[in-house]
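Shown next: start19.txt, containing compact mmCIF, C-alpha atoms.
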# COMPACT_ATOMS: atom_id res chain seq x y z
CA MET A 1 32.95 -4.70 -9.52
CA ALA A 2 31.77 -8.13 -10.58
CA PRO A 3 30.21 -8.56 -14.04
CA GLY A 4 26.50 -7.94 -13.82
CA ALA A 5 26.65 -6.69 -10.23
CA ARG A 6 23.82 -4.33 -9.45
CA PRO A 7 23.69 -1.74 -6.66
CA LEU A 8 21.75 -3.08 -3.75
CA LEU A 9 18.68 -1.10 -2.79
CA LEU A 10 17.32 -0.85 0.72
CA LEU A 11 13.69 -1.71 1.31
CA ALA A 12 11.54 1.08 2.72
CA VAL A 13 8.81 -0.60 4.70
CA TRP A 14 5.47 1.14 4.74
CA THR A 15 2.28 -0.27 6.19
CA LEU A 16 -0.78 -0.42 3.97
CA ALA A 17 -3.33 -3.11 4.65
CA ALA A 18 -5.09 -4.52 1.59
CA PRO A 19 -7.63 -7.34 1.56
CA VAL A 20 -6.77 -10.27 -0.66
CA LEU A 21 -9.72 -11.02 -2.91
CA ARG A 22 -9.76 -13.71 -5.56
CA GLY A 23 -10.66 -12.00 -8.81
CA ALA A 24 -11.84 -13.52 -12.06
CA GLY A 25 -8.32 -13.40 -13.47
CA ASP A 26 -6.64 -15.04 -10.46
CA THR A 27 -5.95 -18.50 -11.85
CA GLY A 28 -3.38 -21.06 -10.78
CA ASP A 29 -0.78 -19.28 -12.91
CA GLY A 30 -1.88 -15.83 -11.76
CA GLY A 31 -3.08 -15.00 -15.25
CA TRP A 32 0.50 -14.66 -16.51
CA GLN A 33 0.46 -17.49 -19.07
CA ARG A 34 -1.10 -15.93 -22.16
CA ARG A 35 -1.60 -19.00 -24.30
CA GLY A 36 -3.14 -18.94 -27.73
CA PRO A 37 -2.70 -19.91 -31.39
CA GLY A 38 0.93 -19.86 -32.43
CA ALA A 39 2.23 -19.87 -28.87
CA PRO A 40 5.79 -21.27 -28.75
CA ALA A 41 6.55 -24.60 -27.13
CA ALA A 42 7.71 -24.38 -23.54
CA VAL A 43 11.43 -24.40 -22.86
CA ALA A 44 12.39 -27.75 -21.34
CA GLU A 45 13.44 -28.38 -17.77
CA GLU A 46 16.82 -29.98 -17.09
CA GLU A 47 17.09 -33.76 -17.25
CA ARG A 48 18.25 -34.08 -13.66
CA CYS A 49 18.34 -31.50 -10.88
CA ALA A 50 21.87 -31.26 -9.47
CA VAL A 51 20.96 -28.93 -6.58
CA GLU A 52 19.80 -30.45 -3.31
CA ARG A 53 16.27 -29.68 -2.12
CA ARG A 54 15.68 -29.25 1.64
CA ALA A 55 12.36 -28.87 3.43
CA ASP A 56 13.61 -29.34 6.99
CA LEU A 57 16.71 -27.17 7.12
CA SER A 58 17.78 -25.55 10.39
CA TYR A 59 19.80 -22.34 10.53
CA ALA A 60 22.83 -24.21 11.88
CA GLU A 61 22.68 -26.67 8.97
CA PHE A 62 22.28 -23.83 6.49
CA VAL A 63 25.43 -22.09 7.77
CA GLN A 64 27.50 -25.25 8.08
CA GLN A 65 26.52 -26.98 4.83
CA TYR A 66 25.47 -24.32 2.31
CA ALA A 67 25.92 -20.64 3.19
CA PHE A 68 29.56 -20.43 2.07
CA SER A 69 29.97 -23.51 -0.08
CA ARG A 70 27.11 -24.59 -2.36
CA PRO A 71 23.59 -23.75 -3.55
CA VAL A 72 20.46 -25.28 -2.05
CA ILE A 73 16.73 -25.13 -2.84
CA LEU A 74 14.48 -24.45 0.16
CA GLN A 75 10.92 -25.68 0.40
CA GLY A 76 8.11 -24.78 2.76
CA LEU A 77 10.02 -22.51 5.14
CA THR A 78 7.69 -19.52 4.63
CA ASP A 79 4.06 -18.97 3.64
CA ASN A 80 3.80 -16.41 0.84
CA SER A 81 0.27 -17.23 -0.29
CA ARG A 82 -0.87 -13.65 0.43
CA PHE A 83 2.03 -12.15 -1.51
CA ARG A 84 1.38 -14.61 -4.34
CA ALA A 85 -2.28 -13.53 -4.56
CA LEU A 86 -1.22 -9.88 -4.74
CA CYS A 87 1.17 -10.73 -7.60
CA SER A 88 -1.48 -11.97 -10.02
CA ARG A 89 -1.50 -10.17 -13.35
CA GLU A 90 -4.89 -8.60 -12.67
CA ARG A 91 -3.99 -7.28 -9.21
CA LEU A 92 -0.56 -5.94 -10.15
CA LEU A 93 -1.98 -4.07 -13.14
CA ALA A 94 -4.77 -2.65 -10.97
CA SER A 95 -2.32 -1.51 -8.29
CA PHE A 96 0.74 -0.48 -10.30
CA GLY A 97 -0.31 -0.21 -13.95
CA ASP A 98 0.51 3.52 -14.09
CA SER A 99 3.74 3.20 -12.11
CA VAL A 100 6.93 3.78 -14.06
CA VAL A 101 9.34 0.83 -13.93
CA ARG A 102 12.98 0.69 -14.97
CA LEU A 103 13.95 -2.07 -17.37
CA SER A 104 17.47 -3.39 -17.91
CA THR A 105 18.98 -5.04 -20.94
CA ALA A 106 19.17 -8.82 -20.54
CA ASN A 107 22.93 -9.14 -20.95
CA THR A 108 25.68 -9.73 -18.42
CA TYR A 109 26.34 -6.06 -17.70
CA SER A 110 22.78 -4.62 -17.92
CA TYR A 111 24.08 -1.10 -18.52
CA ARG A 112 21.22 0.30 -20.62
CA LYS A 113 18.07 1.30 -18.74
CA VAL A 114 14.63 2.14 -20.12
CA ASP A 115 11.77 3.67 -18.11
CA LEU A 116 8.12 3.09 -19.04
CA PRO A 117 4.75 2.47 -17.36
CA PHE A 118 4.36 -1.00 -15.87
CA GLN A 119 1.19 -1.61 -17.89
CA ASP A 120 3.05 -0.93 -21.16
CA TYR A 121 5.72 -3.45 -20.18
CA VAL A 122 3.18 -6.15 -19.31
CA GLU A 123 0.99 -5.62 -22.36
CA HIS A 124 3.63 -4.99 -25.02
CA LEU A 125 7.03 -6.33 -23.94
CA LEU A 126 6.22 -9.37 -21.80
CA HIS A 127 6.45 -11.89 -24.63
CA PRO A 128 8.53 -15.02 -25.28
CA GLN A 129 12.22 -14.48 -25.95
CA ASP A 130 13.20 -14.28 -29.61
CA PRO A 131 16.09 -16.80 -29.94
CA SER A 132 17.79 -14.57 -32.52
CA SER A 133 17.76 -11.41 -30.35
CA LEU A 134 20.87 -10.31 -28.49
CA GLY A 135 20.85 -9.55 -24.78
CA ASN A 136 21.22 -5.79 -25.27
CA ASP A 137 18.14 -5.85 -27.51
CA THR A 138 16.00 -7.56 -24.86
CA LEU A 139 14.44 -5.52 -22.04
CA TYR A 140 13.98 -7.25 -18.69
CA PHE A 141 12.15 -6.11 -15.55
CA PHE A 142 14.42 -7.12 -12.68
CA GLY A 143 15.64 -4.96 -9.84
CA ASP A 144 15.75 -1.16 -9.86
CA ASN A 145 12.38 -1.16 -8.08
CA ASP A 146 11.07 2.05 -6.55
CA PHE A 147 10.52 0.63 -3.07
CA SER A 148 8.57 3.60 -1.78
CA GLU A 149 6.05 3.12 -4.61
CA TRP A 150 5.93 -0.71 -4.34
CA ALA A 151 6.11 -0.90 -0.54
CA SER A 152 2.43 -1.84 -0.20
CA LEU A 153 3.28 -5.06 -2.08
CA PHE A 154 6.71 -5.88 -0.64
CA GLN A 155 5.57 -5.60 2.98
CA HIS A 156 3.56 -8.80 2.44
CA TYR A 157 6.59 -10.83 1.36
CA SER A 158 8.17 -13.21 3.88
CA PRO A 159 11.82 -13.85 2.95
CA PRO A 160 13.59 -17.08 3.94
CA PRO A 161 14.28 -17.13 7.70
CA PHE A 162 18.08 -17.28 7.25
CA SER A 163 20.47 -14.34 7.17
CA LEU A 164 24.23 -13.85 7.00
CA LEU A 165 26.01 -12.04 9.81
CA GLY A 166 27.32 -8.60 8.95
CA THR A 167 25.12 -8.16 5.85
CA THR A 168 22.08 -6.10 4.93
CA ALA A 169 19.24 -7.60 2.89
CA ALA A 170 17.66 -5.89 -0.14
CA TYR A 171 14.80 -7.06 -2.35
CA SER A 172 14.72 -7.22 -6.14
CA PHE A 173 11.37 -7.97 -7.79
CA GLY A 174 10.94 -9.06 -11.39
CA ILE A 175 8.56 -10.29 -14.08
CA ALA A 176 9.77 -11.76 -17.38
CA GLY A 177 8.57 -13.66 -20.42
CA ALA A 178 9.12 -17.30 -21.32
CA GLY A 179 12.63 -17.99 -22.62
CA SER A 180 14.05 -14.78 -21.15
CA GLY A 181 16.76 -14.62 -18.53
CA VAL A 182 20.11 -13.14 -17.56
CA PRO A 183 23.40 -14.58 -18.89
CA PHE A 184 26.22 -15.63 -16.58
CA HIS A 185 27.30 -13.09 -13.97
CA TRP A 186 28.20 -13.06 -10.28
CA HIS A 187 27.73 -10.91 -7.21
CA GLY A 188 27.11 -11.37 -3.49
CA PRO A 189 25.02 -14.18 -1.97
CA GLY A 190 21.25 -14.27 -1.98
CA PHE A 191 17.93 -16.07 -2.24
CA SER A 192 15.62 -16.13 -5.27
CA GLU A 193 12.00 -17.25 -4.94
CA VAL A 194 9.66 -18.06 -7.84
CA ILE A 195 6.14 -16.75 -7.24
CA TYR A 196 4.59 -17.81 -10.57
CA GLY A 197 6.11 -19.85 -13.38
CA ARG A 198 9.38 -21.81 -13.40
CA LYS A 199 12.99 -20.61 -13.53
CA ARG A 200 15.87 -22.81 -14.67
CA TRP A 201 19.24 -22.00 -13.05
CA PHE A 202 22.78 -22.76 -14.22
CA LEU A 203 25.54 -22.35 -11.60
CA TYR A 204 29.34 -22.62 -11.45
CA PRO A 205 31.59 -22.17 -8.37
CA PRO A 206 33.79 -19.04 -8.29
CA GLU A 207 36.92 -20.85 -9.46
CA LYS A 208 35.26 -22.24 -12.61
CA THR A 209 34.52 -19.49 -15.14
CA PRO A 210 31.84 -20.60 -17.63
CA GLU A 211 32.14 -20.31 -21.39
CA PHE A 212 29.66 -17.67 -22.56
CA HIS A 213 29.26 -14.46 -24.56
CA PRO A 214 28.09 -11.59 -22.32
CA ASN A 215 25.73 -10.18 -24.95
CA LYS A 216 24.06 -13.44 -25.99
CA THR A 217 20.93 -14.50 -24.16
CA THR A 218 20.75 -17.50 -21.86
CA LEU A 219 18.41 -19.12 -24.39
CA ALA A 220 21.04 -18.75 -27.14
CA TRP A 221 23.70 -20.16 -24.79
CA LEU A 222 21.47 -23.15 -23.98
CA GLN A 223 20.90 -23.84 -27.67
CA ASP A 224 24.42 -23.19 -29.00
CA VAL A 225 26.99 -23.74 -26.23
CA TYR A 226 25.42 -26.09 -23.70
CA PRO A 227 25.21 -29.10 -26.09
CA THR A 228 28.95 -28.82 -26.81
CA LEU A 229 30.01 -29.05 -23.15
CA ALA A 230 31.52 -32.25 -21.85
CA PRO A 231 29.73 -33.66 -18.78
CA SER A 232 32.58 -32.43 -16.55
CA GLU A 233 32.19 -28.89 -17.95
CA ARG A 234 28.45 -28.59 -17.39
CA PRO A 235 27.08 -26.42 -14.60
CA LEU A 236 25.05 -27.37 -11.60
CA GLU A 237 21.49 -26.84 -12.74
CA CYS A 238 17.92 -27.16 -11.60
CA THR A 239 14.48 -25.75 -12.33
CA VAL A 240 13.04 -23.85 -9.39
CA GLN A 241 9.26 -24.28 -9.19
CA ALA A 242 6.72 -21.77 -7.89
CA GLY A 243 6.99 -21.57 -4.10
CA GLU A 244 10.61 -22.78 -4.01
CA VAL A 245 13.61 -20.64 -3.07
CA LEU A 246 17.13 -21.05 -4.45
CA TYR A 247 20.09 -19.94 -2.32
CA PHE A 248 23.36 -19.12 -4.12
CA PRO A 249 26.62 -18.39 -2.23
CA ASP A 250 28.91 -15.40 -2.70
CA ARG A 251 30.61 -15.04 -6.11
CA TRP A 252 29.00 -18.09 -7.66
CA TRP A 253 28.52 -17.69 -11.40
CA HIS A 254 24.88 -18.10 -12.39
CA ALA A 255 22.58 -17.68 -15.39
CA THR A 256 18.81 -17.87 -15.37
CA LEU A 257 16.17 -18.93 -17.88
CA ASN A 258 12.44 -18.41 -17.31
CA LEU A 259 10.65 -21.47 -18.65
CA ASP A 260 7.29 -19.69 -18.45
CA ALA A 261 6.21 -16.10 -18.00
CA SER A 262 7.49 -15.79 -14.43
CA VAL A 263 7.14 -13.59 -11.37
CA PHE A 264 10.04 -13.77 -8.91
CA ILE A 265 11.67 -11.95 -6.03
CA SER A 266 15.26 -12.08 -4.80
CA THR A 267 16.81 -11.20 -1.46
CA PHE A 268 20.41 -10.04 -1.90
CA PHE A 269 22.94 -9.73 0.95
CA GLY A 270 25.51 -6.97 0.88
As structure tokens, please, write out the structure in this file.
Amino acid sequence: MAPGARPLLLLAVWTLAAPVLRGAGDTGDGGWQRRGPGAPAAVAEEERCAVERRADLSYAEFVQQYAFSRPVILQGLTDNSRFRALCSRERLLASFGDSVVRLSTANTYSYRKVDLPFQDYVEHLLHPQDPSSLGNDTLYFFGDNDFSEWASLFQHYSPPPFSLLGTTAAYSFGIAGAGSGVPFHWHGPGFSEVIYGRKRWFLYPPEKTPEFHPNKTTLAWLQDVYPTLAPSERPLECTVQAGEVLYFPDRWWHATLNLDASVFISTFFG
């Protein structure tokens, strides 16, 4: 099994209509950016995005140019404004605050799991990454979702309109603090959409194994290893903005870094 590969979970689709109302806490950042005295400076975006952005991509172009060969960032192919409204901090806490979520350690292998109520995670663990903390000391909400419990939310998500023949799609939903992320790992192909915040991606093709320590955070790698890399050794990288979707092909190495407190959802193919 590939480093960091996670078992794919099938989405159970239930129907539960819920009106979307704009509450007092529903701001442009969904209420996720908890700024105040002593708040750390934002992690910087990359100097130059090396991943192509496409807003007019057809399925034939996707298969021929990207599906099996290189990443691409998709823009404007779906309308997830309803899903985005349901993912505000206020609405998620109201709907799922008592739900138990499973957290993974933020290292390459993510072996250790911790279960706790979603509200406890949001109120006590959703804080900026400590640069001195190791990956197995950092808990990260990503994947391992109970789809029967979260189905009323996921049914409102519209994934990118492209699929891969012979595969089954599975969702993975996550929320993480500024400076957090997952170190380099690889698995099957998929899409990752940012709902709130910004997520910086670092990608290498399958034949080019990156230099990294599996138990050091992406933030530590960016601070300690990245500056030492020659230009030819640096990864493809780009910051995916809210509303954009990154596609990564099969077996591509990738690491992620949330530049803000971020809400995101991935569609994995297996």
Next item on the list: Please provide as a PyMOL selection string all residues within 7 Å of Arg54 of chain A, with the sequence filter that same-chain residues fewer than 4 positions apart are discarded (counting all atoms listed in the file).
Entry: chain A and resi 73-75
Notebook entry, point to check: In Å, how far is it from atom CA of Tyr66 of chain A to atom CA of Asn145 of chain A?
Noted result: 28.6 Å
Report as JSON lines the residues of segment 49-68 of chain A within 10 Å of segment 195-213 of chain A, each with its shortest atom pair and distance in Å (one decimal), using only C-alpha atoms, ordered by chain and increasing residue number.
{"residue": "A:Cys49", "atom": "CA", "partner": "A:Trp201", "partner_atom": "CA", "distance": 9.8}
{"residue": "A:Ala50", "atom": "CA", "partner": "A:Phe202", "partner_atom": "CA", "distance": 9.8}
{"residue": "A:Val51", "atom": "CA", "partner": "A:Leu203", "partner_atom": "CA", "distance": 9.5}
How big is the axis-aligned box around the listed atoms of segment 253-268 of chain A once 3 Å is added on each side, and where is its centre? Give both in Å to one decimal, as lines of an AutoDock Vina configuration file.
center_x = 17.4
center_y = -15.8
center_z = -10.1
size_x = 28.3
size_y = 17.4
size_z = 23.2
Check: Restricting the calculation to all atoms listed in the file, which member of A:Ala261, A:Leu153, A:Val194, A:Leu77 is positioned closest to Tyr59 of chain A?
Finding: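 Nearest candidate to Tyr59 of chain A out of A:Ala261, A:Leu153, A:Val194, A:Leu77: A:Leu77.
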Item checked: Test item: residues at most 10 Å from segment 119-122 of chain A, only C-alpha atoms, excluding those fewer than 5 positions along its chain, as an NGL selection string -> :A and (32 or 89 or 92-94 or 96-103 or 127 or 139-141 or 175-177)
Notebook entry, point to check: Please, what distance in Å, to one decimal, runs between atom CA of Leu86 of chain A and atom CA of Pro160 of chain A?
Noted result: 18.6 Å
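Using all atoms listed in the file for every distance, the candidate list A:Ser104, A:Thr228, A:Ser180, A:Gln65 yields A:Ser180 as the residue closest to Pro128 of chain A.
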